[in-house]
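One file, data.txt, carrying compact mmCIF, C-alpha atoms and all ligand atoms:
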```txt
# COMPACT_ATOMS: atom_id res chain seq x y z
CA MET A 1 0.00 0.00 0.00
CA HIS A 2 2.80 2.37 1.04
CA ALA A 3 4.69 1.56 -2.19
CA LEU A 4 1.55 2.18 -4.26
CA LEU A 5 0.96 5.59 -2.64
CA LYS A 6 4.61 6.51 -3.27
CA LYS A 7 4.02 6.09 -7.02
CA LEU A 8 1.13 8.59 -7.05
CA PRO A 9 1.57 12.39 -7.19
CA PRO A 10 1.44 13.73 -3.58
CA SER A 11 -1.75 15.71 -4.31
CA VAL A 12 -3.58 12.53 -5.40
CA THR A 13 -2.29 10.67 -2.33
CA ALA A 14 -3.47 13.56 -0.14
CA LEU A 15 -6.94 13.44 -1.68
CA LEU A 16 -7.19 9.65 -1.25
CA LEU A 17 -6.15 9.99 2.38
CA GLN A 18 -8.82 12.66 2.96
CA VAL A 19 -11.41 10.20 1.66
CA ALA A 20 -9.95 7.42 3.84
CA ALA A 21 -10.06 9.75 6.89
CA LEU A 22 -13.70 10.65 6.15
CA VAL A 23 -14.67 6.97 5.99
CA LEU A 24 -12.75 6.19 9.19
CA VAL A 25 -14.38 9.07 11.10
CA ILE A 26 -17.89 8.10 9.93
CA LEU A 27 -17.29 4.45 10.93
CA SER A 28 -15.75 5.39 14.30
CA LEU A 29 -18.66 7.69 15.18
CA ARG A 30 -21.17 5.00 14.15
CA VAL A 31 -19.44 2.35 16.27
CA ALA A 32 -19.23 4.69 19.26
CA ASN A 33 -22.80 5.89 18.58
CA LEU A 34 -21.71 9.54 18.88
CA GLN A 35 -23.11 12.74 17.32
CA THR A 36 -20.85 15.74 16.66
CA THR A 37 -21.08 19.30 15.38
CA PRO A 38 -19.91 19.83 11.77
CA MET A 39 -16.74 21.56 12.99
CA ALA A 40 -15.85 18.77 15.45
CA PHE A 41 -16.47 16.26 12.64
CA ALA A 42 -14.20 18.24 10.31
CA LEU A 43 -11.48 18.52 12.96
CA LEU A 44 -11.58 14.75 13.45
CA CYS A 45 -11.32 14.22 9.69
CA GLY A 46 -8.35 16.61 9.59
CA LEU A 47 -6.64 14.80 12.45
CA PHE A 48 -7.11 11.37 10.85
CA ALA A 49 -5.99 12.69 7.45
CA ALA A 50 -2.85 14.25 8.94
CA LEU A 51 -2.01 11.03 10.81
CA LEU A 52 -2.53 8.88 7.71
CA SER A 53 -0.42 11.32 5.68
CA ARG A 54 2.37 11.04 8.24
CA PHE A 55 2.33 7.23 7.88
CA ALA A 56 2.18 7.53 4.09
CA GLY A 57 5.37 9.62 4.19
CA LEU A 58 3.98 12.86 2.73
CA ALA A 59 6.18 15.94 3.18
CA ARG A 60 5.67 17.99 6.36
CA TRP A 61 3.76 20.86 4.73
CA TRP A 62 1.16 18.35 3.53
CA LEU A 63 0.38 17.42 7.15
CA ALA A 64 -0.68 21.00 7.90
CA ILE A 65 -2.77 21.11 4.70
CA GLN A 66 -4.37 17.77 5.54
CA LEU A 67 -5.15 18.87 9.10
CA LEU A 68 -6.77 22.15 8.06
CA PHE A 69 -8.51 21.14 4.81
CA ALA A 70 -11.86 19.84 6.21
CA PRO A 71 -12.16 22.50 8.98
CA ALA A 72 -11.49 25.20 6.35
CA LEU A 73 -14.28 23.74 4.19
CA VAL A 74 -16.74 23.96 7.11
CA LEU A 75 -15.65 27.53 7.88
CA MET A 76 -16.06 28.62 4.25
CA LEU A 77 -19.54 27.08 4.07
CA ALA A 78 -20.54 29.21 7.06
CA PHE A 79 -19.85 32.39 5.01
CA ASN A 80 -22.44 31.45 2.39
CA ILE A 81 -20.19 32.46 -0.49
CA PRO A 82 -21.92 31.90 -3.88
CA SER A 83 -20.75 28.64 -5.46
CA GLY A 84 -19.84 30.49 -8.69
CA PHE A 85 -16.97 32.10 -6.79
CA PHE A 86 -15.41 28.71 -6.13
CA LEU A 87 -15.90 27.63 -9.72
CA ALA A 88 -14.26 30.84 -10.97
CA ALA A 89 -11.35 30.42 -8.52
CA PHE A 90 -10.93 26.80 -9.64
CA VAL A 91 -10.90 27.71 -13.35
CA MET A 92 -8.40 30.51 -12.67
CA MET A 93 -6.09 28.19 -10.70
CA LEU A 94 -6.41 25.54 -13.41
CA ALA A 95 -5.43 28.02 -16.13
CA VAL A 96 -2.37 29.16 -14.17
CA TYR A 97 -1.19 25.88 -12.67
CA TRP A 98 -2.68 23.31 -15.10
CA SER A 99 -0.91 19.99 -14.45
CA THR A 100 1.18 21.09 -11.45
CA PHE A 101 -0.51 18.38 -9.35
CA ARG A 102 1.25 15.89 -11.63
CA THR A 103 4.46 17.67 -12.70
CA GLN A 104 5.14 19.17 -9.25
CA VAL A 105 6.50 22.23 -11.02
CA PRO A 106 4.40 25.31 -10.18
CA LEU A 107 4.69 28.78 -11.70
CA TYR A 108 7.19 31.06 -10.01
CA LEU A 109 9.31 33.55 -11.82
CA SER A 110 13.03 34.14 -12.29
CA SER A 111 14.18 37.55 -11.09
CA ASN A 112 15.49 40.30 -13.37
CA LYS A 113 18.92 39.60 -11.88
CA VAL A 114 18.73 35.98 -13.10
CA TRP A 115 17.75 37.24 -16.56
CA ARG A 116 20.84 39.48 -16.56
CA ALA A 117 23.14 36.71 -15.27
CA LEU A 118 21.98 34.49 -18.13
CA GLU A 119 23.33 37.01 -20.67
CA ASP A 120 26.87 35.86 -19.80
CA PHE A 121 26.14 32.31 -21.00
CA LEU A 122 24.91 33.19 -24.47
CA PRO A 123 27.44 32.53 -27.25
CA SER A 124 29.60 35.61 -27.81
CA GLU A 125 28.34 37.98 -30.46
CA LYS A 126 31.22 37.35 -32.85
CA GLN A 127 31.32 33.60 -32.30
CA ASP A 128 27.79 32.56 -33.16
CA THR A 129 25.20 34.64 -34.90
CA ASN A 130 21.67 33.33 -34.73
CA PHE A 131 22.31 30.97 -31.83
CA LYS A 132 19.31 29.15 -30.35
CA PHE A 133 18.11 29.35 -26.75
CA ILE A 134 15.21 27.53 -25.10
CA ASP A 135 13.48 28.09 -21.75
CA LEU A 136 11.91 24.77 -20.71
CA GLY A 137 8.75 25.78 -18.82
CA SER A 138 8.85 29.39 -19.98
CA GLY A 139 6.19 30.77 -17.61
CA LEU A 140 5.29 34.38 -18.45
CA GLY A 141 8.10 34.67 -21.02
CA GLY A 142 10.26 37.12 -19.03
CA VAL A 143 13.53 35.24 -19.63
CA LEU A 144 12.88 35.03 -23.37
CA THR A 145 11.82 38.64 -23.95
CA HIS A 146 14.64 40.05 -21.83
CA LEU A 147 17.33 38.06 -23.65
CA ALA A 148 15.71 38.78 -27.02
CA SER A 149 15.92 42.51 -26.35
CA VAL A 150 19.55 42.56 -25.17
CA ARG A 151 20.81 39.97 -27.68
CA PRO A 152 18.69 40.25 -30.82
CA ASP A 153 21.19 38.03 -32.67
CA GLY A 154 19.65 34.88 -31.09
CA GLN A 155 16.52 32.81 -31.67
CA TYR A 156 14.53 32.29 -28.46
CA SER A 157 11.99 29.51 -27.85
CA GLY A 158 9.88 28.59 -24.87
CA VAL A 159 7.70 25.63 -24.11
CA GLU A 160 4.94 26.00 -21.54
CA SER A 161 2.20 23.61 -20.50
CA ALA A 162 -0.11 25.95 -18.54
CA PRO A 163 -2.60 27.91 -20.72
CA LEU A 164 -2.69 31.28 -18.95
CA PRO A 165 1.09 31.74 -18.65
CA LEU A 166 1.35 30.65 -22.29
CA LEU A 167 -1.24 33.22 -23.40
CA TRP A 168 0.46 35.90 -21.29
CA SER A 169 3.88 35.18 -22.82
CA TRP A 170 2.45 34.96 -26.33
CA LEU A 171 0.85 38.42 -25.93
CA ARG A 172 4.06 39.76 -24.37
CA ILE A 173 6.01 38.59 -27.41
CA LYS A 174 3.45 39.81 -29.98
CA LEU A 175 2.80 43.19 -28.34
CA GLY A 176 6.51 43.75 -27.70
CA GLY A 177 7.31 42.99 -31.36
CA TYR A 178 9.89 40.31 -30.54
CA ARG A 179 10.33 38.67 -33.93
CA ASN A 180 13.08 36.35 -32.70
CA CYS A 181 10.93 34.81 -29.91
CA LYS A 182 8.29 32.11 -29.93
CA VAL A 183 6.46 30.04 -27.35
CA HIS A 184 4.83 26.63 -27.80
CA TRP A 185 2.05 25.05 -25.84
CA GLY A 186 3.13 21.58 -24.79
CA SER A 187 5.09 19.44 -22.43
CA ILE A 188 8.84 19.20 -22.20
CA TRP A 189 8.43 15.41 -22.27
CA ASN A 190 5.85 14.99 -24.94
CA ASP A 191 6.17 17.72 -27.50
CA LYS A 192 4.53 16.92 -30.82
CA LEU A 193 6.10 19.91 -32.67
CA GLY A 194 9.67 18.87 -31.91
CA ALA A 195 10.51 22.16 -30.15
CA CYS A 196 11.86 20.19 -27.20
CA ASP A 197 14.41 18.25 -29.19
CA LEU A 198 17.37 19.77 -27.36
CA ALA A 199 19.79 18.95 -30.21
CA GLN A 200 18.72 22.24 -31.87
CA TYR A 201 19.81 24.54 -29.06
CA ASP A 202 23.06 26.19 -28.06
CA VAL A 203 21.76 27.12 -24.62
CA VAL A 204 19.06 25.24 -22.68
CA PHE A 205 17.64 26.91 -19.57
CA ALA A 206 15.28 25.40 -16.98
CA TYR A 207 13.85 26.73 -13.73
CA LEU A 208 11.61 23.88 -12.63
CA SER A 209 11.73 22.02 -9.28
CA PRO A 210 13.79 19.19 -7.76
CA VAL A 211 11.29 16.59 -9.07
CA PRO A 212 12.05 16.49 -12.84
CA MET A 213 15.80 17.23 -12.64
CA GLU A 214 17.09 13.67 -12.98
CA ARG A 215 14.85 13.00 -15.97
CA LEU A 216 15.73 16.34 -17.52
CA TRP A 217 19.43 15.61 -17.13
CA ARG A 218 19.01 12.30 -18.96
CA LYS A 219 17.19 14.11 -21.78
CA ALA A 220 19.88 16.82 -21.96
CA ARG A 221 22.68 14.22 -22.02
CA ALA A 222 20.94 12.23 -24.75
CA GLU A 223 20.03 15.16 -26.99
CA MET A 224 22.32 18.17 -26.49
CA ARG A 225 25.34 18.64 -28.76
CA PRO A 226 28.90 18.76 -27.38
CA GLY A 227 29.95 22.31 -26.53
CA THR A 228 26.41 23.53 -25.81
CA VAL A 229 25.33 24.82 -22.41
CA PHE A 230 22.71 23.49 -19.99
CA ILE A 231 21.65 25.84 -17.18
CA SER A 232 19.37 25.04 -14.27
CA SER A 233 18.29 27.83 -11.99
CA THR A 234 18.34 26.79 -8.33
CA PHE A 235 17.68 23.07 -8.74
CA SER A 236 20.60 20.66 -8.89
CA VAL A 237 20.86 17.33 -10.69
CA PRO A 238 21.39 14.40 -8.32
CA GLU A 239 25.01 13.24 -8.38
CA GLN A 240 25.99 15.62 -11.23
CA ALA A 241 28.23 18.43 -10.05
CA PRO A 242 27.87 21.50 -12.29
CA HIS A 243 30.95 22.81 -14.10
CA GLU A 244 30.20 26.31 -12.85
CA THR A 245 27.79 28.02 -10.47
CA VAL A 246 26.74 31.65 -10.30
CA GLN A 247 25.27 33.04 -7.10
CA VAL A 248 22.69 35.68 -7.96
CA ASP A 249 22.07 38.42 -5.42
CA ASP A 250 18.27 38.42 -5.65
CA LEU A 251 15.46 37.90 -3.16
CA HIS A 252 15.48 34.09 -3.55
CA ARG A 253 19.29 33.86 -3.46
CA SER A 254 19.04 32.02 -6.81
CA THR A 255 21.97 29.98 -8.03
CA LEU A 256 22.60 29.21 -11.67
CA LEU A 257 24.10 25.75 -12.17
CA ILE A 258 25.90 25.43 -15.47
CA TRP A 259 26.98 22.32 -17.33
CA ARG A 260 29.01 22.47 -20.53
CA MET A 261 27.95 19.40 -22.47
C1 LIG B 1 9.24 27.83 -12.05
S1 LIG B 1 8.35 28.31 -13.47
C2 LIG B 1 9.63 29.12 -14.40
C3 LIG B 1 9.10 30.15 -15.37
C4 LIG B 1 10.17 30.82 -16.23
N1 LIG B 1 11.03 29.86 -16.89
C5 LIG B 1 11.04 31.75 -15.40
O1 LIG B 1 12.20 31.41 -15.19
O2 LIG B 1 10.54 32.81 -14.97
C6 LIG B 1 8.17 26.72 -14.26
C7 LIG B 1 7.18 26.71 -15.41
O3 LIG B 1 7.29 25.44 -16.05
C8 LIG B 1 5.99 25.04 -16.47
N2 LIG B 1 6.05 23.57 -16.60
C9 LIG B 1 6.12 22.66 -15.62
N3 LIG B 1 6.21 21.41 -16.10
C10 LIG B 1 6.20 21.54 -17.45
C11 LIG B 1 6.26 20.61 -18.52
N4 LIG B 1 6.37 19.30 -18.31
N5 LIG B 1 6.23 21.08 -19.79
C12 LIG B 1 6.14 22.43 -20.02
N6 LIG B 1 6.08 23.36 -19.05
C13 LIG B 1 6.12 22.92 -17.77
C14 LIG B 1 5.07 25.53 -15.37
O4 LIG B 1 3.76 25.68 -15.84
C15 LIG B 1 5.73 26.86 -15.01
O5 LIG B 1 5.17 27.91 -15.75
```
What's the structure tokens form of this structure?
Ligand SMILES: C[S@@+](CC[C@H](N)C(=O)[O-])C[C@H]1O[C@@H](n2cnc3c(N)ncnc32)[C@H](O)[C@@H]1O
Amino acid sequence: MHALLKKLPPSVTALLLQVAALVLVILSLRVANLQTTPMAFALLCGLFAALLSRFAGLARWWLAIQLLFAPALVLMLAFNIPSGFFLAAFVMMLAVYWSTFRTQVPLYLSSNKVWRALEDFLPSEKQDTNFKFIDLGSGLGGVLTHLASVRPDGQYSGVESAPLPLLWSWLRIKLGGYRNCKVHWGSIWNDKLGACDLAQYDVVFAYLSPVPMERLWRKARAEMRPGTVFISSTFSVPEQAPHETVQVDDLHRSTLLIWRM
């Protein structure tokens, strides 16, 4: 059972454990022949869910979410908020985060200082005109449009799976008149248009999360050409020391990890 849960995305495991906690609380109250208030019922569900999550090995922050989820539901119901509000909030979150529950890579943005630090890893202006750069998981397109404006001699591509960030970056590129930039809707792993074949690029940039780094490294090793550059912001590759690191003096204390392939 434990092994099975480990294979599922944490969010799905958390949901299953909420259902299991609900069933356990209902059965326990039936057996003990007890009646409770909705809030006491929700607190019990939260407690059971947090305990089950602890045994299932979910990360610590999930325990707090699991504990508070059902009580928060009961509290929100007490405010009589129209159900359309929740639907709208859900659609908005879906458009921004899309498959984050599966990829475990949410949207958060590189700082302007990271954008500037990346300039140093583009091929020198004399050496390679029309070099190609890709941002894997390009978010709102800030990396691409910044680099395209300071180094117009490159071709900049992004791939993004979430619809709203994609639309945002597409508009940013169109309205800003960046002719050397494009973004594609798709997944890094399953890209029908071939934009994620890393053999085409001189510089590959990713700012994702710890979860996909091992798989991404294998893809980079298999596809990237010798002499090209792979850069991960903040997240390391297990057992692969970078050839260079750059500490960026921004709010997140970002580090660029650089591998020369
Ligand atoms: C941490 S953000 C980085 C955004 C941008 N690259 C930056 O540096 O500001 C990661 C982005 O990757 C996207 N993403 C996550 N998994 C993806 C996948 N498998 N394929 C394409 N995009 C993905 C997310 O939707 C999110 O917008």
Between CA of Arg260 (chain A) and CA of Ala206 (chain A), what distance in Å does the model show, to one decimal?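 Interatomic distance, CA of Arg260 (chain A) to CA of Ala206 (chain A): 14.5 Å.
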Find the spatial neighbours of region 28-40 of chain A, counting only C-alpha atoms, within a cut-off of 10 Å - ignore same-chain residues fewer than 3 positions away - and output them as a PyMOL selection string. chain A and resi 22-25+43-46+70-75
For each of A:Ala14, A:Val150, A:Ala162, A:Ala88, take the minimum atom-to-atom distance to ligand LIG 1 (chain B), counting all atoms listed in the file, then give the residue where this is smallest.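 For ligand LIG 1 (chain B), the nearest of the given residues is A:Ala162.
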Quick one: distance from CA of Leu5 (chain A) to CA of Thr234 (chain A) in Å, one decimal?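 The value is 28.0 Å.
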Counting all atoms listed in the file, what residues are within 9 Å of ligand LIG 1 (chain B), given as a PyMOL selection string? chain A and resi 96-100+102-111+114-115+135-144+158-163+165-166+184-191+205-209+212+233
